[in-house]
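Student: My questions all concern the structure below.
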Amino acid sequence: MRYPASEKLEIIRIVEQSHLPARRTLDQLGIAPRTFYRWYDRYLEGGPEALEDRPSAPGRVWNRIGDDIQQQIIDMALDEDATSLSPRELAVRFTDEKRYFVSEATVYRLLKAHDLITSPAYTVIKAASEFKHKTTRPNEMWQTDFTYFKIIGWGWIYLSTVLDDYSRYIIAWKLYTTMQAGDVTDTLDMALAASGCDHATVLHKPRLLSDNGPCYIADELAKYLEARKMDHVRGAPFHPQTQGKIERWHQTLKNRVLLENYFLPGDLEQQIEAFVEHYNHQRYHESLENVTPADAYFGRAPAIIKRRERIKRQTIEYRRLQHRKIAA
């Protein structure tokens with residue numbers, strides 16, 4: 001069976017970021033290790049485009065970007081605000097800021113040639129399946145869950161978060177010393193106020209998706225949701241993939257926040273607040289077509305994606321004209 005380059009790249013990312021050994025992950029994917037490592041060698045050598053099955057390239061490539069554009073990409077990659085960006089994020093930022101389209105593969109090859117590529121510093125939970133009923137608008141369904149942090153000299157502290165399923169936008173969060181139903185309702189009060197759903201007249205209030213922890217099956221929470229006309233959906237036991245978006249958010253948060261030790265709850269709270277702001281308003285989300293969660297939540301995404309498509313068409317036409325001038 002032949003796989004397109006996009007599927008090969010997705011398989012490589014899954015194996016790179018899986019918490020399981022590579023061979024076990026490949027067994028679950030049904031990919032022979034020998035085949036995978038042949039793809040991986042090509043990927044490391046030439047980036048995502050090297051995964052394409054195609055004949056040898058012509059001697060002159062009309063779509064090659066100029067030296068001045070390459071230098072601008074390198075300068076942006078070396079900028080202090082962009083050093084943590086992946087090739088995908090850097091390509092999107094360059095397109096948005098410079099109004100000149102470059103692909104992820106181009107940026108990857110350029111960064112690799114200048115020894116600016118680093119290995120992934122995170123682990124990904126691989127979901128076995130997708131949620132059956134996908135959301136189509138903000139505030140249609142919210143995911144909520146707790147995660148924990150250790151404060152040196154204090155003990156454990158728990159973070160309760162409400163995440164919008166459609167946009168991945170973090171609507172509300174708060175640190176608690178317990179994981180009680182009252183803590184959940186407090187966070188939901190914050191989310192309802194922040195979203196405007198506490199006073200707006202809407203046909204359907206957001207559904208709540210959670211796991212089966214004691215605080216989520218408590219009568220107190222059930223009465224709270226009934227009073228606010230909110231439906232409650234709970235994932236199947238021992239199947240965290242159902243709440244995969246908020247589980248992934250927890251990993252993304254911890255991979256950044258846990259780079260430091262914390263001795264006071266206030267210090268941890270400041271770091272979480274700063275990262276939530278970055279995540280919501282600055283971090284390009286691949287599953288959202290490389291817009292931020294805030295862009296998707298507040299309805300800006302379609303205009304941004306349309307503008308990028310226009311920039312891409314204009315850039316390609318410009319490169320084609322430049323090639324014709326040189327060929328003439």
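Letters A, B, ... mark the chains of the structure tokens in the order given; residue numbers begin at 1 per chain; ligand numbers begin at 1, in order shown.
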Write out as JSON lines the residues of region 156-191 of chain A that have any atom within 9 Å of an atom of region 242-253 of chain A, one row each with the nearest atom pair and its distance in Å to one decimal, counting only C-alpha atoms, sorted by chain and then rising number.
Tutor:
{"residue": "A:Thr161", "atom": "CA", "partner": "A:Ile246", "partner_atom": "CA", "distance": 8.2}
{"residue": "A:Val162", "atom": "CA", "partner": "A:Ile246", "partner_atom": "CA", "distance": 8.3}
{"residue": "A:Leu163", "atom": "CA", "partner": "A:Ile246", "partner_atom": "CA", "distance": 6.7}
{"residue": "A:Asp165", "atom": "CA", "partner": "A:Lys245", "partner_atom": "CA", "distance": 7.2}
{"residue": "A:Arg168", "atom": "CA", "partner": "A:Lys245", "partner_atom": "CA", "distance": 7.1}
Student: Just want the 8 Å neighbourhood of region 5-13 of chain A, counted on only C-alpha atoms, with same-chain residues fewer than 4 positions away dropped. Output as a PDB file with N, CA and C atoms, in the first residue's frame.
Tutor:
ATOM      1  N   GLN A  17       6.227  11.408  18.816  1.00  0.00           N
ATOM      2  CA  GLN A  17       5.618  12.017  19.987  1.00  0.00           C
ATOM      3  C   GLN A  17       4.879  11.016  20.876  1.00  0.00           C
ATOM      4  N   PHE A  36       9.066   2.276   7.929  1.00  0.00           N
ATOM      5  CA  PHE A  36       9.036   3.542   8.666  1.00  0.00           C
ATOM      6  C   PHE A  36      10.404   4.198   8.675  1.00  0.00           C
ATOM      7  N   TRP A  39      11.299   5.930   5.509  1.00  0.00           N
ATOM      8  CA  TRP A  39      10.646   7.240   5.436  1.00  0.00           C
ATOM      9  C   TRP A  39      11.345   8.250   6.350  1.00  0.00           C
ATOM     10  N   TYR A  40      11.687   7.796   7.544  1.00  0.00           N
ATOM     11  CA  TYR A  40      12.248   8.715   8.540  1.00  0.00           C
ATOM     12  C   TYR A  40      13.604   9.255   8.086  1.00  0.00           C
ATOM     13  N   PRO A  48       9.562  17.403   5.047  1.00  0.00           N
ATOM     14  CA  PRO A  48       8.302  16.790   4.612  1.00  0.00           C
ATOM     15  C   PRO A  48       8.212  16.537   3.107  1.00  0.00           C
ATOM     16  N   GLU A  49       8.787  17.413   2.292  1.00  0.00           N
ATOM     17  CA  GLU A  49       8.677  17.228   0.846  1.00  0.00           C
ATOM     18  C   GLU A  49       9.421  15.989   0.363  1.00  0.00           C
ATOM     19  N   LEU A  51       9.195  13.175   1.456  1.00  0.00           N
ATOM     20  CA  LEU A  51       8.330  12.011   1.577  1.00  0.00           C
ATOM     21  C   LEU A  51       7.463  11.793   0.339  1.00  0.00           C
ATOM     22  N   GLU A  52       7.452  12.762  -0.571  1.00  0.00           N
ATOM     23  CA  GLU A  52       6.662  12.632  -1.791  1.00  0.00           C
ATOM     24  C   GLU A  52       7.236  11.553  -2.714  1.00  0.00           C
ATOM     25  N   ASP A  53       6.365  10.760  -3.314  1.00  0.00           N
ATOM     26  CA  ASP A  53       6.775   9.823  -4.361  1.00  0.00           C
ATOM     27  C   ASP A  53       6.630  10.534  -5.705  1.00  0.00           C
TER      28      ASP A  53
END
Student: Please provide as number ranges by chain all residues within 7 Å of Gly47 (chain A), with the sequence filter that same-chain residues fewer than 2 positions apart are discarded (counting only C-alpha atoms).
Tutor: A: 43-45, 49-50, 105, 108-109
